[in-house]
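Participant: Following this line is start19.txt, made up of compact mmCIF, C-alpha atoms and all ligand atoms:
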# COMPACT_ATOMS: atom_id res chain seq x y z
CA MET A 21 96.93 96.62 -12.73
CA VAL A 22 99.74 95.91 -15.16
CA ILE A 23 102.01 98.28 -13.27
CA ARG A 24 101.18 96.59 -9.99
CA ASN A 25 102.06 93.18 -11.40
CA ARG A 26 105.27 94.50 -12.84
CA LEU A 27 106.15 95.69 -9.37
CA LEU A 28 105.35 92.29 -7.94
CA PHE A 29 107.60 90.62 -10.48
CA ASP A 30 110.42 92.94 -9.62
CA GLU A 31 109.96 92.36 -5.93
CA VAL A 32 110.11 88.60 -6.45
CA LYS A 33 113.66 88.96 -7.72
CA HIS A 34 114.68 90.39 -4.38
CA LEU A 35 113.25 87.55 -2.31
CA PRO A 36 115.96 85.49 -0.61
CA LEU A 37 116.78 82.59 -2.91
CA ILE A 38 117.15 80.12 -0.08
CA GLU A 39 113.74 80.82 1.39
CA THR A 40 112.26 77.45 2.23
CA GLU A 41 108.90 76.33 1.02
CA THR A 42 107.58 76.29 4.58
CA GLU A 43 108.49 79.95 5.00
CA LEU A 44 106.91 80.82 1.68
CA ILE A 45 103.70 78.99 2.58
CA LYS A 46 103.58 80.68 5.97
CA ARG A 47 104.01 84.15 4.49
CA ALA A 48 101.54 83.43 1.69
CA SER A 49 98.96 82.19 4.19
CA GLU A 50 99.36 85.50 6.02
CA GLY A 51 98.27 87.24 2.84
CA ASN A 52 101.61 87.98 1.26
CA PRO A 53 101.13 87.88 -2.53
CA GLU A 54 104.87 87.99 -3.32
CA ALA A 55 105.43 84.74 -1.44
CA PHE A 56 102.42 83.20 -3.12
CA GLU A 57 103.71 84.29 -6.50
CA VAL A 58 106.91 82.32 -5.92
CA LEU A 59 104.83 79.24 -5.08
CA VAL A 60 102.82 79.71 -8.27
CA GLN A 61 106.05 80.01 -10.24
CA ARG A 62 107.28 76.76 -8.73
CA TYR A 63 104.13 74.75 -9.26
CA GLN A 64 102.44 76.20 -12.33
CA LYS A 65 104.02 73.73 -14.73
CA TYR A 66 102.97 70.69 -12.67
CA VAL A 67 99.49 71.98 -11.94
CA TYR A 68 98.97 72.87 -15.60
CA ASN A 69 100.14 69.42 -16.70
CA LEU A 70 97.87 67.70 -14.21
CA ALA A 71 94.91 69.74 -15.43
CA LEU A 72 95.84 69.03 -19.03
CA SER A 73 96.09 65.31 -18.32
CA VAL A 74 92.60 65.23 -16.82
CA ILE A 75 90.90 67.65 -19.22
CA GLY A 76 92.87 67.15 -22.42
CA ASN A 77 92.32 70.68 -23.69
CA ARG A 78 94.82 73.49 -23.32
CA ASP A 79 92.42 76.40 -22.85
CA GLU A 80 90.41 74.62 -20.21
CA ALA A 81 93.58 73.36 -18.54
CA PHE A 82 94.71 76.99 -18.35
CA ASP A 83 91.44 78.02 -16.69
CA ALA A 84 91.61 75.06 -14.32
CA ALA A 85 95.19 75.86 -13.34
CA GLN A 86 94.24 79.48 -12.69
CA GLU A 87 91.23 78.43 -10.62
CA THR A 88 93.44 76.00 -8.68
CA PHE A 89 95.80 78.75 -7.58
CA ILE A 90 92.95 81.09 -6.67
CA ARG A 91 91.38 78.39 -4.49
CA ALA A 92 94.77 77.62 -2.99
CA TRP A 93 95.24 81.28 -2.11
CA ARG A 94 91.82 81.42 -0.44
CA SER A 95 92.35 78.25 1.58
CA LEU A 96 96.05 78.47 2.37
CA LYS A 97 95.16 79.18 5.98
CA ASP A 98 93.68 75.68 6.15
CA PHE A 99 96.88 74.04 4.93
CA ARG A 100 98.27 72.30 8.00
CA GLY A 101 101.25 70.60 6.47
CA ASP A 102 99.92 67.05 7.08
CA ALA A 103 100.58 66.32 3.42
CA ARG A 104 103.24 67.87 1.24
CA PHE A 105 102.29 71.19 -0.31
CA SER A 106 102.64 69.66 -3.77
CA THR A 107 100.14 66.90 -2.90
CA TRP A 108 97.77 69.45 -1.39
CA ILE A 109 97.79 71.68 -4.47
CA TYR A 110 97.59 68.69 -6.82
CA ARG A 111 94.45 67.59 -4.99
CA ILE A 112 92.88 70.98 -5.57
CA ALA A 113 93.94 70.89 -9.22
CA TYR A 114 92.51 67.42 -9.66
CA ARG A 115 89.15 68.39 -8.13
CA VAL A 116 88.94 71.57 -10.18
CA SER A 117 89.79 69.66 -13.35
CA LEU A 118 87.14 67.04 -12.65
CA THR A 119 84.59 69.81 -12.17
CA VAL A 120 85.56 71.29 -15.52
CA VAL A 121 85.18 67.90 -17.18
CA ALA A 122 81.83 67.28 -15.48
CA ARG A 123 80.17 70.61 -16.18
CA LYS A 124 81.04 71.06 -19.84
CA ARG A 125 80.29 69.18 -22.97
CA PRO A 126 83.40 67.35 -24.06
CA LEU A 127 85.71 69.56 -26.04
CA PRO A 128 88.03 68.07 -28.60
CA ILE A 129 91.26 66.74 -27.23
CA ASP A 130 94.00 69.09 -28.30
CA ASP A 131 96.13 67.90 -31.12
CA LEU A 132 99.04 68.95 -29.13
CA PRO A 133 102.51 68.18 -30.28
CA GLU A 134 104.77 70.93 -29.11
CA PRO A 135 107.91 71.63 -31.04
CA ILE A 136 110.80 70.20 -29.12
CA CYS A 137 114.09 71.80 -29.97
CA GLU A 138 116.22 70.87 -27.02
CA ASP A 139 119.15 69.38 -28.92
CA ALA A 140 120.08 71.85 -31.60
CA SER A 141 123.40 70.15 -32.26
CA ALA A 142 121.81 66.83 -33.17
CA ASN A 143 121.72 65.53 -36.68
CA PRO A 144 118.67 67.15 -38.38
CA GLU A 145 117.30 63.81 -39.57
CA GLU A 146 117.71 62.31 -36.14
CA ALA A 147 116.13 65.39 -34.57
CA ALA A 148 113.19 65.19 -36.98
CA GLU A 149 112.71 61.50 -36.20
CA ASN A 150 112.91 62.26 -32.49
CA ASP A 151 110.35 65.06 -32.81
CA TYR A 152 108.08 62.76 -34.77
CA ARG A 153 108.30 60.03 -32.11
CA GLN A 154 107.64 62.52 -29.31
CA ALA A 155 104.67 64.02 -31.13
CA LEU A 156 103.29 60.55 -31.77
CA LEU A 157 103.74 59.58 -28.15
CA ARG A 158 102.09 62.75 -26.89
CA ARG A 159 99.15 62.28 -29.22
CA ALA A 160 98.78 58.66 -28.14
CA ILE A 161 98.85 59.69 -24.48
CA MET A 162 96.18 62.30 -25.05
CA ASN A 163 93.97 59.76 -26.82
CA LEU A 164 93.82 57.62 -23.68
CA ALA A 165 90.82 57.72 -21.34
CA PRO A 166 91.34 60.43 -18.69
CA ALA A 167 91.89 58.01 -15.79
CA TYR A 168 94.66 56.17 -17.66
CA ARG A 169 96.14 59.38 -19.01
CA THR A 170 96.24 60.95 -15.57
CA ALA A 171 97.88 57.91 -13.96
CA LEU A 172 100.44 57.72 -16.74
CA ILE A 173 101.35 61.41 -16.69
CA LEU A 174 101.50 61.66 -12.92
CA TYR A 175 103.60 58.52 -12.60
CA HIS A 176 105.98 58.83 -15.53
CA LEU A 177 106.13 62.54 -16.28
CA GLU A 178 105.48 64.13 -12.90
CA ASP A 179 107.38 61.36 -11.13
CA LEU A 180 104.83 60.71 -8.39
CA SER A 181 104.49 57.42 -6.52
CA TYR A 182 101.44 55.14 -6.50
CA GLU A 183 100.68 56.42 -2.98
CA GLU A 184 100.83 60.07 -3.97
CA ILE A 185 98.62 59.51 -7.00
CA ALA A 186 96.12 57.63 -4.84
CA SER A 187 96.09 60.48 -2.36
CA ILE A 188 95.53 63.07 -5.07
CA THR A 189 92.87 61.23 -7.03
CA GLY A 190 91.16 59.69 -4.01
CA VAL A 191 91.23 56.13 -5.34
CA PRO A 192 92.87 53.06 -3.77
CA ILE A 193 96.50 52.30 -4.61
CA GLY A 194 95.44 49.08 -6.36
CA THR A 195 93.24 51.11 -8.72
CA VAL A 196 96.10 53.48 -9.48
CA ARG A 197 98.28 50.50 -10.33
CA THR A 198 95.57 49.03 -12.56
CA HIS A 199 95.03 52.37 -14.32
CA LEU A 200 98.73 52.70 -14.92
CA HIS A 201 99.24 49.19 -16.25
CA ARG A 202 96.15 49.27 -18.45
CA GLY A 203 97.08 52.76 -19.56
CA ARG A 204 100.45 51.52 -20.76
CA ASN A 205 98.82 48.65 -22.65
CA TYR A 206 96.35 50.99 -24.33
CA LEU A 207 99.14 53.44 -25.05
CA LYS A 208 101.15 50.79 -26.82
CA ARG A 209 98.16 49.87 -28.95
CA GLU A 210 97.40 53.51 -29.66
CA ILE A 211 100.96 54.15 -30.83
CA VAL A 212 100.70 51.18 -33.16
CA ARG A 213 97.36 52.41 -34.45
CA LEU A 214 98.59 55.97 -35.02
CA SER A 215 101.79 54.87 -36.73
CA GLY A 216 100.08 52.12 -38.68
CA GLY A 217 102.75 49.66 -37.57
CA ASP A 218 103.09 46.25 -36.05
CA GLU A 219 102.95 45.94 -32.28
CA ASN A 220 105.97 43.67 -32.24
CA GLU A 221 108.06 46.22 -34.08
CA MET A 222 107.64 48.91 -31.48
CA MET B 17 107.85 30.33 -14.42
CA LYS B 18 105.62 30.28 -17.50
CA CYS B 19 105.39 33.02 -20.11
CA GLU B 20 101.90 33.90 -18.96
CA GLN B 21 103.10 34.49 -15.41
CA ALA B 22 106.06 36.51 -16.60
CA ARG B 23 103.84 38.72 -18.75
CA GLY B 24 101.46 39.20 -15.85
CA MET B 25 104.30 40.43 -13.65
CA MET B 26 105.98 42.59 -16.25
CA HIS B 27 104.40 45.96 -15.39
CA ALA B 28 104.87 45.54 -11.68
CA ILE B 29 108.48 44.46 -12.20
CA LEU B 30 109.07 47.53 -14.35
CA ASP B 31 107.68 49.71 -11.56
CA GLY B 32 109.94 47.98 -9.04
CA SER B 33 107.07 46.73 -6.94
CA HIS B 34 107.96 43.06 -6.56
CA SER B 35 110.04 41.08 -4.10
CA ASP B 36 113.64 40.08 -4.81
CA ALA B 37 112.64 36.43 -5.13
CA GLU B 38 110.01 37.26 -7.75
CA ILE B 39 112.43 39.46 -9.64
CA ASN B 40 115.00 36.67 -9.67
CA ALA B 41 112.44 34.16 -10.97
CA TYR B 42 111.40 36.66 -13.63
CA ARG B 43 115.00 37.28 -14.70
CA HIS B 44 115.62 33.59 -14.82
CA HIS B 45 112.67 33.18 -17.17
CA LEU B 46 113.90 35.99 -19.41
CA CYS B 47 117.28 34.25 -19.73
CA GLU B 48 115.51 31.21 -21.07
CA CYS B 49 112.72 32.83 -23.13
CA GLU B 50 113.60 35.09 -26.00
CA GLN B 51 110.01 36.21 -26.61
CA CYS B 52 109.53 37.48 -23.07
CA ARG B 53 112.99 39.04 -23.18
CA CYS B 54 111.99 41.00 -26.29
CA GLU B 55 108.67 41.97 -24.76
CA ASP B 56 110.44 43.17 -21.60
CA GLN B 57 112.84 45.16 -23.73
CA ARG B 58 110.01 46.77 -25.73
CA TRP B 59 108.27 47.89 -22.54
CA ARG B 60 111.48 49.27 -21.10
CA SER B 61 112.11 51.26 -24.29
CA LEU B 62 108.59 52.61 -24.29
CA ILE B 63 108.82 53.68 -20.65
CA THR B 64 112.21 55.31 -21.27
CA GLU B 65 110.64 57.17 -24.15
CA ILE B 66 107.66 58.32 -22.08
CA GLU B 67 109.87 59.48 -19.26
CA ALA B 68 112.07 61.41 -21.67
CA LEU B 69 109.06 63.48 -22.77
CA PRO B 70 109.28 66.99 -21.40
CA LEU B 71 106.20 68.21 -19.56
CA TRP B 72 103.91 70.47 -21.54
CA LYS B 73 105.00 74.04 -21.15
CA GLU B 74 102.62 76.15 -19.12
CA PRO B 75 101.40 79.27 -20.95
CA ALA B 76 103.47 82.34 -20.11
CA SER B 77 100.27 84.21 -19.32
CA LEU B 78 99.31 81.84 -16.49
CA LEU B 79 101.28 83.51 -13.72
CA PRO B 80 100.15 87.08 -14.58
CA ALA B 81 96.56 85.82 -14.92
CA VAL B 82 96.67 84.23 -11.45
CA MET B 83 98.20 87.30 -9.84
CA ASN B 84 95.70 89.57 -11.60
CA SER B 85 92.80 87.47 -10.33
CA LEU B 86 94.10 87.64 -6.77
CA SER B 87 94.56 91.35 -7.03
CA THR B 88 91.05 91.86 -8.45
CA GLU B 89 89.60 89.60 -5.78
CA THR B 90 91.26 91.62 -3.04
CA GLN B 91 90.04 94.86 -4.54
CA GLU B 92 86.50 93.50 -4.63
CA GLU B 93 86.78 92.57 -0.98
CA GLU B 94 88.17 96.00 -0.17
CA SER B 95 85.25 97.62 -1.96
CA LYS B 96 82.91 95.96 0.55
CA ILE B 97 84.47 98.00 3.35
CA GLY B 98 83.01 101.23 1.97
CA PRO B 99 79.34 100.33 2.45
CA VAL B 100 79.98 98.84 5.88
CA LEU B 101 81.77 101.96 7.08
CA LEU B 102 79.12 104.15 5.49
CA PHE B 103 76.41 102.24 7.33
CA GLY B 104 78.31 102.64 10.61
CA PHE B 105 78.74 106.34 9.99
CA PHE B 106 75.05 106.67 9.10
CA ALA B 107 74.04 104.85 12.30
CA PHE B 108 76.33 107.12 14.30
CA LEU B 109 74.80 110.17 12.62
CA VAL B 110 71.24 108.98 13.36
CA TYR B 111 72.17 108.45 16.98
CA HIS B 112 73.57 111.98 17.27
CA LEU B 113 70.56 113.45 15.51
CA LEU B 114 68.26 111.71 17.98
CA SER B 115 70.40 112.88 20.92
CA SER B 116 70.34 116.45 19.65
CA LEU B 117 66.59 116.32 19.15
CA LYS B 118 66.22 115.02 22.69
CA THR B 119 68.35 117.84 24.07
CA LEU B 120 66.55 120.47 21.97
CA SER B 121 63.21 119.06 23.01
CA ALA B 122 64.19 119.07 26.70
CA ASN B 123 65.55 122.64 26.44
CA ALA B 124 62.31 123.77 24.83
CA GLY B 125 60.43 122.34 27.78
CA GLY B 126 58.81 119.61 25.75
CA ASP B 127 59.61 115.98 25.58
CA ILE B 128 59.53 113.19 23.02
CA GLU B 129 57.94 110.03 24.32
CA LEU B 130 59.98 107.81 22.10
CA PHE B 131 63.13 108.54 24.11
CA HIS B 132 61.46 107.15 27.20
CA ASN B 133 60.68 103.91 25.45
CA PRO B 134 63.37 101.48 26.76
CA VAL B 135 62.84 99.00 23.88
CA PHE B 136 63.49 101.71 21.30
CA MET B 137 66.57 102.99 23.06
CA TYR B 138 67.89 99.46 23.59
CA LEU B 139 67.47 98.60 19.88
CA ALA B 140 68.96 101.91 18.81
CA TRP B 141 72.04 101.29 20.91
CA ILE B 142 72.44 97.74 19.61
CA ILE B 143 72.15 98.80 15.95
CA VAL B 144 74.57 101.65 16.35
CA GLY B 145 77.06 99.53 18.30
CA LEU B 146 76.91 96.53 15.97
CA ALA B 147 77.21 98.52 12.78
CA PHE B 148 80.11 100.52 14.06
CA SER B 149 82.09 97.63 15.50
CA ALA B 150 81.44 95.44 12.43
CA GLY B 151 82.83 98.14 10.16
CA LEU B 152 85.82 98.71 12.42
CA ILE B 153 86.71 95.02 12.85
CA TYR B 154 86.32 94.30 9.15
CA PHE B 155 88.48 97.25 8.23
CA LEU B 156 91.24 96.33 10.68
CA MET B 157 91.29 92.67 9.57
CA ARG B 158 91.50 93.47 5.87
CA LYS B 159 94.13 96.10 6.46
CA LYS B 160 96.31 93.63 8.34
CA ALA B 161 95.94 90.81 5.81
CA HIS B 162 96.25 92.68 2.57
CA VAL B 163 98.06 95.87 3.27
CA LYS B 164 100.86 94.87 0.86
CA PHE B 165 98.40 94.28 -1.93
CA LEU B 166 96.98 97.76 -1.98
ZN ZN A 301 108.38 33.59 -21.84
Represent the structure of the file as structure tokens.
Ligand SMILES: [Zn+2]
Facilitator:
Amino acid sequence: MVIRNRLLFDEVKHLPLIETETELIKRASEGNPEAFEVLVQRYQKYVYNLALSVIGNRDEAFDAAQETFIRAWRSLKDFRGDARFSTWIYRIAYRVSLTVVARKRPLPIDDLPEPICEDASANPEEAAENDYRQALLRRAIMNLAPAYRTALILYHLEDLSYEEIASITGVPIGTVRTHLHRGRNYLKREIVRLSGGDENEM
Amino acid sequence: MKCEQARGMMHAILDGSHSDAEINAYRHHLCECEQCRCEDQRWRSLITEIEALPLWKEPASLLPAVMNSLSTETQEEESKIGPVLLFGFFAFLVYHLLSSLKTLSANAGGDIELFHNPVFMYLAWIIVGLAFSAGLIYFLMRKKAHVKFL
């Protein structure tokens, strides 16, 4: 099994770099795992983040992301290209994540700050302050209710529009807007609460 | 415009979902009201901060896990071919056995009544035909779809 996957990885390197997404989807829907693997590579980060935003737990987000791609593989033949592929796979990820949330007792929200070391040249104090702010912000986001968290992450981090979020989550655009605006208000309060500061000093 | 109105519009303005006229009225209010200007600035900073957050990194094991699952799934599907083909082969064998018995019986001068029963022969043909074609079709379809996986 490991050897087979190694082979697949190696074969991916030889795929034409300019292969369009449509071609990849077509080949994957014909049962070509190499083409599907490229799609997984492209979308795994976004699918994982969507699952994490709905579920709030890394392990379960991992399982949900895996399940999303397996379902996508099985139903790729049904993908007609009416919506963008990203929207289609996000919808699957959202449904799978909701199922995970519904069927299990709530697991603790991950206390997630990831070390962020993007700017090695920055002043260490500044970098530490930056890391602290990012960790605080991430924690505050994860403390939000799932609907607000999802709207916030999809809109601000995954850069989707109101319309796309509505299409993925199956709620009206007005609701997405409300979730987003309320989410930001709650987020602001949560940051103040976590940092023990004054709202007007933010 | 009053502060209350300006605050009510703030999020939508930040998302760029207001008309030019409303944006102008909002800006005009900000020029005159320091409190709303500060509030607007705080929201803009917060949004800039949120948008500067990198996405969470997906675990490195996600891709191999997905590809392993697909591979296992395909193997499980492939393993279903065996029994189907075996059943087809068995049906074929039964048919030949019956044919041979019929021939032997005829050669020996005797006869088996069962072979004259049209219902039995009809059912036997249907079972043999169905089992064999099901196995063949299934095998050909899987071979076409997943030949690269094996
Ligand atoms: Zn004002």
Participant: Enumerate, in order of chain and increasing residue number, the residues of chain B with an atom no farther than 8 Å from ligand ZN 301 (chain A), each with its shortest atom pair and distance in Å to one decimal, counting all atoms listed in the file, as JSON lines.
Facilitator:
{"residue": "B:Lys18", "atom": "CA", "partner": "A:ZN301", "partner_atom": "ZN", "distance": 6.1}
{"residue": "B:Cys19", "atom": "CA", "partner": "A:ZN301", "partner_atom": "ZN", "distance": 3.5}
{"residue": "B:Glu20", "atom": "CA", "partner": "A:ZN301", "partner_atom": "ZN", "distance": 7.1}
{"residue": "B:Ala22", "atom": "CA", "partner": "A:ZN301", "partner_atom": "ZN", "distance": 6.4}
{"residue": "B:Arg23", "atom": "CA", "partner": "A:ZN301", "partner_atom": "ZN", "distance": 7.5}
{"residue": "B:His45", "atom": "CA", "partner": "A:ZN301", "partner_atom": "ZN", "distance": 6.4}
{"residue": "B:Leu46", "atom": "CA", "partner": "A:ZN301", "partner_atom": "ZN", "distance": 6.5}
{"residue": "B:Glu48", "atom": "CA", "partner": "A:ZN301", "partner_atom": "ZN", "distance": 7.6}
{"residue": "B:Cys49", "atom": "CA", "partner": "A:ZN301", "partner_atom": "ZN", "distance": 4.6}
{"residue": "B:Glu50", "atom": "CA", "partner": "A:ZN301", "partner_atom": "ZN", "distance": 6.8}
{"residue": "B:Gln51", "atom": "CA", "partner": "A:ZN301", "partner_atom": "ZN", "distance": 5.7}
{"residue": "B:Cys52", "atom": "CA", "partner": "A:ZN301", "partner_atom": "ZN", "distance": 4.2}
{"residue": "B:Arg53", "atom": "CA", "partner": "A:ZN301", "partner_atom": "ZN", "distance": 7.3}
Participant: Please list as a compact mmCIF listing (two decimals) with C-alpha atoms, in the frame of the given file every residue within 8 Å of stretch 192-197 of chain A, counting all atoms listed in the file and excluding residues in the same chain fewer than 4 positions away.
Facilitator:
# COMPACT_ATOMS: atom_id res chain seq x y z
CA ALA A 171 97.88 57.91 -13.96
CA TYR A 182 101.44 55.14 -6.50
CA GLU A 183 100.68 56.42 -2.98
CA ILE A 185 98.62 59.51 -7.00
CA ALA A 186 96.12 57.63 -4.84
CA HIS A 201 99.24 49.19 -16.25
Participant: At what distance in Å, to one decimal, does atom CA of B:Gly104 lie from atom CA of B:Val144?
Facilitator: 6.9 Å
Participant: Give me, as a JSON list (two decimals) with C-alpha atoms, in the frame of the given file, the contact residues of chain B against chain A at a cut-off of 9 Å, counting only C-alpha atoms.
Facilitator:
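Contents of iface-v7.json, freshly written:
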[["chain", "number", "residue", "atom", "x", "y", "z"],
["B", 27, "HIS", "CA", 104.40, 45.96, -15.39],
["B", 28, "ALA", "CA", 104.87, 45.54, -11.68],
["B", 54, "CYS", "CA", 111.99, 41.00, -26.29],
["B", 55, "GLU", "CA", 108.67, 41.97, -24.76],
["B", 58, "ARG", "CA", 110.01, 46.77, -25.73],
["B", 59, "TRP", "CA", 108.27, 47.89, -22.54],
["B", 61, "SER", "CA", 112.11, 51.26, -24.29],
["B", 62, "LEU", "CA", 108.59, 52.61, -24.29],
["B", 63, "ILE", "CA", 108.82, 53.68, -20.65],
["B", 65, "GLU", "CA", 110.64, 57.17, -24.15],
["B", 66, "ILE", "CA", 107.66, 58.32, -22.08],
["B", 67, "GLU", "CA", 109.87, 59.48, -19.26],
["B", 68, "ALA", "CA", 112.07, 61.41, -21.67],
["B", 69, "LEU", "CA", 109.06, 63.48, -22.77],
["B", 70, "PRO", "CA", 109.28, 66.99, -21.40],
["B", 71, "LEU", "CA", 106.20, 68.21, -19.56],
["B", 72, "TRP", "CA", 103.91, 70.47, -21.54],
["B", 73, "LYS", "CA", 105.00, 74.04, -21.15],
["B", 74, "GLU", "CA", 102.62, 76.15, -19.12],
["B", 75, "PRO", "CA", 101.40, 79.27, -20.95],
["B", 78, "LEU", "CA", 99.31, 81.84, -16.49],
["B", 79, "LEU", "CA", 101.28, 83.51, -13.72],
["B", 80, "PRO", "CA", 100.15, 87.08, -14.58],
["B", 81, "ALA", "CA", 96.56, 85.82, -14.92],
["B", 82, "VAL", "CA", 96.67, 84.23, -11.45],
["B", 83, "MET", "CA", 98.20, 87.30, -9.84],
["B", 84, "ASN", "CA", 95.70, 89.57, -11.60],
["B", 85, "SER", "CA", 92.80, 87.47, -10.33],
["B", 86, "LEU", "CA", 94.10, 87.64, -6.77],
["B", 87, "SER", "CA", 94.56, 91.35, -7.03],
["B", 88, "THR", "CA", 91.05, 91.86, -8.45],
["B", 160, "LYS", "CA", 96.31, 93.63, 8.34],
["B", 161, "ALA", "CA", 95.94, 90.81, 5.81],
["B", 162, "HIS", "CA", 96.25, 92.68, 2.57],
["B", 163, "VAL", "CA", 98.06, 95.87, 3.27],
["B", 164, "LYS", "CA", 100.86, 94.87, 0.86],
["B", 165, "PHE", "CA", 98.40, 94.28, -1.93]]
Participant: To one decimal place in Å, what is the distance between atom CA of A:Ile75 and atom CA of A:Val121?
Facilitator: 6.1 Å
Participant: Between atom CA of A:Ala147 and atom CA of A:Ala160, what is the distance, to one decimal in Å?
Facilitator: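 We find that atom CA of A:Ala147 and atom CA of A:Ala160 lie 19.7 Å from each other.
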Participant: Just the residues within 10 Å of B:Phe106, please, counting only C-alpha atoms, with nothing from its chain fewer than 6 positions along; format it as a count of residues only.
Facilitator: 5
